[in-house]
>>> print(open('model14.pdb').read())   # PDB, C-alpha atoms
ATOM      1  CA  MET A   1       3.351  15.990  12.447
ATOM      2  CA  THR A   2       6.567  17.949  12.686
ATOM      3  CA  ARG A   3       9.584  16.918  14.712
ATOM      4  CA  ILE A   4      12.585  19.069  15.423
ATOM      5  CA  VAL A   5      15.766  16.983  15.548
ATOM      6  CA  GLY A   6      18.858  18.996  16.274
ATOM      7  CA  THR A   7      18.807  22.019  14.009
ATOM      8  CA  GLN A   8      16.931  20.341  11.158
ATOM      9  CA  ASN A   9      13.181  20.309  10.666
ATOM     10  CA  ARG A  10      11.885  16.834   9.868
ATOM     11  CA  ASP A  11       8.353  15.837   9.035
ATOM     12  CA  GLU A  12       6.560  12.902   7.460
ATOM     13  CA  PHE A  13       6.060  14.596   4.073
ATOM     14  CA  ILE A  14       8.627  14.532   1.303
ATOM     15  CA  ARG A  15       9.117  18.119   0.182
ATOM     16  CA  ASP A  16      11.205  17.357  -2.922
ATOM     17  CA  PRO A  17       8.744  16.558  -5.758
ATOM     18  CA  VAL A  18      11.238  14.401  -7.669
ATOM     19  CA  GLU A  19      12.081  12.281  -4.628
ATOM     20  CA  ALA A  20       8.381  11.923  -3.784
ATOM     21  CA  TRP A  21       7.661  10.852  -7.363
ATOM     22  CA  HIS A  22      10.453   8.233  -7.272
ATOM     23  CA  ARG A  23       9.227   6.824  -3.959
ATOM     24  CA  GLY A  24       5.675   6.736  -5.277
ATOM     25  CA  ARG A  25       6.816   4.789  -8.364
ATOM     26  CA  VAL A  26       8.563   2.225  -6.148
ATOM     27  CA  LEU A  27       5.437   1.805  -4.028
ATOM     28  CA  ASP A  28       3.255   1.494  -7.131
ATOM     29  CA  GLN A  29       5.502  -1.265  -8.471
ATOM     30  CA  MET A  30       5.402  -3.114  -5.144
ATOM     31  CA  LEU A  31       1.614  -2.985  -5.009
ATOM     32  CA  ALA A  32       1.141  -3.829  -8.692
ATOM     33  CA  ALA A  33       3.096  -7.043  -8.160
ATOM     34  CA  THR A  34       0.513  -8.217  -5.617
ATOM     35  CA  ARG A  35      -2.650  -7.059  -7.372
ATOM     36  CA  LEU A  36      -5.342  -9.711  -7.155
ATOM     37  CA  PRO A  37      -7.982 -10.203  -9.830
ATOM     38  CA  MET A  38     -11.358  -8.666  -9.050
ATOM     39  CA  LYS A  39     -14.706 -10.147  -9.909
ATOM     40  CA  HIS A  40     -16.582  -8.055 -12.441
ATOM     41  CA  GLY A  41     -20.282  -7.486 -12.584
ATOM     42  CA  VAL A  42     -22.990  -6.512 -10.147
ATOM     43  CA  MET A  43     -23.431  -8.145  -6.766
ATOM     44  CA  ARG A  44     -26.084  -7.459  -4.186
ATOM     45  CA  ALA A  45     -25.311  -8.012  -0.532
ATOM     46  CA  PRO A  46     -25.492  -6.246   2.807
ATOM     47  CA  HIS A  47     -22.794  -3.731   3.648
ATOM     48  CA  HIS A  48     -21.078  -6.032   6.159
ATOM     49  CA  VAL A  49     -20.590  -8.662   3.441
ATOM     50  CA  PHE A  50     -18.762  -6.179   1.212
ATOM     51  CA  ASN A  51     -16.623  -5.124   4.177
ATOM     52  CA  LYS A  52     -15.706  -8.772   4.797
ATOM     53  CA  ILE A  53     -14.788  -9.254   1.110
ATOM     54  CA  ASP A  54     -12.613  -6.115   1.203
ATOM     55  CA  ASP A  55     -10.898  -7.251   4.409
ATOM     56  CA  LEU A  56     -10.100 -10.683   2.969
ATOM     57  CA  ARG A  57      -8.765  -9.129  -0.231
ATOM     58  CA  GLN A  58      -6.517  -6.698   1.658
ATOM     59  CA  LEU A  59      -5.243  -9.516   3.876
ATOM     60  CA  GLU A  60      -4.343 -11.634   0.857
ATOM     61  CA  GLN A  61      -2.574  -8.676  -0.779
ATOM     62  CA  ALA A  62      -0.585  -8.044   2.412
ATOM     63  CA  ARG A  63       0.439 -11.708   2.529
ATOM     64  CA  LEU A  64       1.639 -11.599  -1.068
ATOM     65  CA  LEU A  65       3.544  -8.373  -0.454
ATOM     66  CA  ASN A  66       5.207  -9.798   2.671
ATOM     67  CA  GLU A  67       6.202 -12.961   0.803
ATOM     68  CA  LYS A  68       7.809 -10.878  -1.943
ATOM     69  CA  LEU A  69       9.667  -8.719   0.583
ATOM     70  CA  LEU A  70      10.944 -11.757   2.477
ATOM     71  CA  ALA A  71      12.000 -13.459  -0.761
ATOM     72  CA  SER A  72      13.929 -10.369  -1.870
ATOM     73  CA  GLY A  73      15.729 -10.171   1.482
ATOM     74  CA  GLN A  74      14.577  -6.705   2.517
TER      75      GLN A  74
END
>>> encode(input="model14.pdb", output="structure tokens")
Amino acid sequence: MTRIVGTQNRDEFIRDPVEAWHRGRVLDQMLAATRLPMKHGVMRAPHHVFNKIDDLRQLEQARLLNEKLLASGQ
């Protein structure tokens, strides 16, 4: 998606590789702080059960991330 604002072209992609790398590192650190332990091994279940497990895991990660952001004052 490209937007023209005034005389400058703006889009959602970061064109500068160094800036993109720095932003990616910040995001990686934010997500690593909320990483939840995963169960190892083999599990058999229907597809909808795995979807439910994934949804619950993502919800818990989002809660942890929001708590950290609120605690840091951002």
>>> atom_distance(input="model14.pdb", atom1="CA of Glu12 (chain A)", atom2="CA of Glu67 (chain A)")
26.7 Å
>>> atom_distance(input="model14.pdb", atom1="CA of Pro37 (chain A)", atom2="CA of Arg57 (chain A)")
9.7 Å
>>> residues_around(input="model14.pdb", residues="Thr34 (chain A)", least_positions_apart="4", cutoff="12 Å", atoms="all atoms listed in the file", output="list in words")
Leu27, Asp28, Gln29, Met30, Arg57, Gln58, Leu59, Glu60, Gln61, Ala62, Arg63, Leu64, Leu65, Asn66, Glu67, Lys68 and Leu69 of chain A
>>> write_last_selection(input="model14.pdb", atoms="C-alpha atoms", output="short mmCIF file (atom, residue, chain, number, x, y, z; two decimals), in the frame of the given file")
data_model
loop_
_atom_site.label_atom_id
_atom_site.label_comp_id
_atom_site.auth_asym_id
_atom_site.auth_seq_id
_atom_site.Cartn_x
_atom_site.Cartn_y
_atom_site.Cartn_z
CA LEU A 27 5.44 1.80 -4.03
CA ASP A 28 3.26 1.49 -7.13
CA GLN A 29 5.50 -1.26 -8.47
CA MET A 30 5.40 -3.11 -5.14
CA ARG A 57 -8.76 -9.13 -0.23
CA GLN A 58 -6.52 -6.70 1.66
CA LEU A 59 -5.24 -9.52 3.88
CA GLU A 60 -4.34 -11.63 0.86
CA GLN A 61 -2.57 -8.68 -0.78
CA ALA A 62 -0.58 -8.04 2.41
CA ARG A 63 0.44 -11.71 2.53
CA LEU A 64 1.64 -11.60 -1.07
CA LEU A 65 3.54 -8.37 -0.45
CA ASN A 66 5.21 -9.80 2.67
CA GLU A 67 6.20 -12.96 0.80
CA LYS A 68 7.81 -10.88 -1.94
CA LEU A 69 9.67 -8.72 0.58
#
>>> atom_distance(input="model14.pdb", atom1="CA of Arg35 (chain A)", atom2="CA of His22 (chain A)")
20.1 Å
>>> axis_aligned_box(input="model14.pdb", around="region 67-70 of chain A", padding_each_side="6 Å", output="lines of an AutoDock Vina configuration file")
center_x = 8.6
center_y = -10.8
center_z = 0.3
size_x = 16.7
size_y = 16.2
size_z = 16.4
>>> decode(input="model14.pdb", residues="chain A", atoms="C-alpha atoms", output="PDB file, in the first residue's frame")
ATOM      1  CA  MET A   1       0.000   0.000   0.000  1.00  0.00           C
ATOM      2  CA  THR A   2       1.477   3.311  -1.046  1.00  0.00           C
ATOM      3  CA  ARG A   3       0.311   6.687   0.185  1.00  0.00           C
ATOM      4  CA  ILE A   4       1.364  10.012  -1.216  1.00  0.00           C
ATOM      5  CA  VAL A   5       1.585  12.645   1.524  1.00  0.00           C
ATOM      6  CA  GLY A   6       2.607  16.040   0.272  1.00  0.00           C
ATOM      7  CA  THR A   7       5.603  15.568  -1.980  1.00  0.00           C
ATOM      8  CA  GLN A   8       6.968  12.507  -0.180  1.00  0.00           C
ATOM      9  CA  ASN A   9       6.184   8.899  -1.003  1.00  0.00           C
ATOM     10  CA  ARG A  10       5.318   6.893   2.097  1.00  0.00           C
ATOM     11  CA  ASP A  11       4.585   3.208   2.316  1.00  0.00           C
ATOM     12  CA  GLU A  12       4.427   0.529   4.983  1.00  0.00           C
ATOM     13  CA  PHE A  13       7.831  -0.984   4.137  1.00  0.00           C
ATOM     14  CA  ILE A  14      11.092   0.271   5.572  1.00  0.00           C
ATOM     15  CA  ARG A  15      13.437   0.818   2.645  1.00  0.00           C
ATOM     16  CA  ASP A  16      16.607   1.403   4.690  1.00  0.00           C
ATOM     17  CA  PRO A  17      18.061  -2.053   5.514  1.00  0.00           C
ATOM     18  CA  VAL A  18      19.841  -0.845   8.660  1.00  0.00           C
ATOM     19  CA  GLU A  19      16.713   0.783  10.079  1.00  0.00           C
ATOM     20  CA  ALA A  20      14.653  -2.310   9.233  1.00  0.00           C
ATOM     21  CA  TRP A  21      17.236  -4.510  10.954  1.00  0.00           C
ATOM     22  CA  HIS A  22      17.185  -2.325  14.097  1.00  0.00           C
ATOM     23  CA  ARG A  23      13.385  -2.368  14.246  1.00  0.00           C
ATOM     24  CA  GLY A  24      13.379  -6.124  13.737  1.00  0.00           C
ATOM     25  CA  ARG A  25      15.834  -6.571  16.634  1.00  0.00           C
ATOM     26  CA  VAL A  26      13.581  -4.506  18.913  1.00  0.00           C
ATOM     27  CA  LEU A  27      10.555  -6.592  17.949  1.00  0.00           C
ATOM     28  CA  ASP A  28      12.498  -9.825  18.459  1.00  0.00           C
ATOM     29  CA  GLN A  29      13.492  -8.710  21.955  1.00  0.00           C
ATOM     30  CA  MET A  30       9.896  -7.789  22.805  1.00  0.00           C
ATOM     31  CA  LEU A  31       8.598 -11.165  21.661  1.00  0.00           C
ATOM     32  CA  ALA A  32      11.429 -13.146  23.262  1.00  0.00           C
ATOM     33  CA  ALA A  33      10.519 -11.640  26.630  1.00  0.00           C
ATOM     34  CA  THR A  34       7.042 -13.182  26.401  1.00  0.00           C
ATOM     35  CA  ARG A  35       7.962 -16.566  24.944  1.00  0.00           C
ATOM     36  CA  LEU A  36       6.020 -19.328  26.657  1.00  0.00           C
ATOM     37  CA  PRO A  37       7.376 -22.839  27.107  1.00  0.00           C
ATOM     38  CA  MET A  38       6.108 -25.380  24.597  1.00  0.00           C
ATOM     39  CA  LYS A  39       5.297 -28.979  25.321  1.00  0.00           C
ATOM     40  CA  HIS A  40       7.632 -31.355  23.528  1.00  0.00           C
ATOM     41  CA  GLY A  41       6.756 -34.692  22.070  1.00  0.00           C
ATOM     42  CA  VAL A  42       4.047 -36.067  19.836  1.00  0.00           C
ATOM     43  CA  MET A  43       0.365 -35.404  20.381  1.00  0.00           C
ATOM     44  CA  ARG A  44      -2.548 -36.718  18.393  1.00  0.00           C
ATOM     45  CA  ALA A  45      -5.721 -34.683  18.179  1.00  0.00           C
ATOM     46  CA  PRO A  46      -8.151 -33.292  15.637  1.00  0.00           C
ATOM     47  CA  HIS A  47      -7.190 -30.137  13.785  1.00  0.00           C
ATOM     48  CA  HIS A  48      -9.628 -27.946  15.735  1.00  0.00           C
ATOM     49  CA  VAL A  49      -7.937 -28.946  19.004  1.00  0.00           C
ATOM     50  CA  PHE A  50      -4.547 -27.775  17.736  1.00  0.00           C
ATOM     51  CA  ASN A  51      -6.133 -24.525  16.556  1.00  0.00           C
ATOM     52  CA  LYS A  52      -7.601 -23.994  20.035  1.00  0.00           C
ATOM     53  CA  ILE A  53      -4.198 -24.657  21.662  1.00  0.00           C
ATOM     54  CA  ASP A  54      -2.534 -22.174  19.283  1.00  0.00           C
ATOM     55  CA  ASP A  55      -5.201 -19.542  19.972  1.00  0.00           C
ATOM     56  CA  LEU A  56      -4.810 -19.885  23.742  1.00  0.00           C
ATOM     57  CA  ARG A  57      -1.026 -19.676  23.458  1.00  0.00           C
ATOM     58  CA  GLN A  58      -1.167 -16.537  21.300  1.00  0.00           C
ATOM     59  CA  LEU A  59      -3.659 -14.940  23.692  1.00  0.00           C
ATOM     60  CA  GLU A  60      -1.398 -15.606  26.667  1.00  0.00           C
ATOM     61  CA  GLN A  61       1.606 -14.188  24.791  1.00  0.00           C
ATOM     62  CA  ALA A  62      -0.370 -11.049  23.909  1.00  0.00           C
ATOM     63  CA  ARG A  63      -1.363 -10.618  27.558  1.00  0.00           C
ATOM     64  CA  LEU A  64       2.247 -10.901  28.686  1.00  0.00           C
ATOM     65  CA  LEU A  65       3.391  -8.449  26.022  1.00  0.00           C
ATOM     66  CA  ASN A  66       0.684  -5.940  26.987  1.00  0.00           C
ATOM     67  CA  GLU A  67       1.608  -6.229  30.668  1.00  0.00           C
ATOM     68  CA  LYS A  68       5.252  -5.518  29.846  1.00  0.00           C
ATOM     69  CA  LEU A  69       4.330  -2.528  27.678  1.00  0.00           C
ATOM     70  CA  LEU A  70       2.053  -1.086  30.357  1.00  0.00           C
ATOM     71  CA  ALA A  71       4.697  -1.632  33.042  1.00  0.00           C
ATOM     72  CA  SER A  72       7.329   0.156  30.951  1.00  0.00           C
ATOM     73  CA  GLY A  73       5.005   3.119  30.382  1.00  0.00           C
ATOM     74  CA  GLN A  74       4.869   2.989  26.590  1.00  0.00           C
TER      75      GLN A  74
END
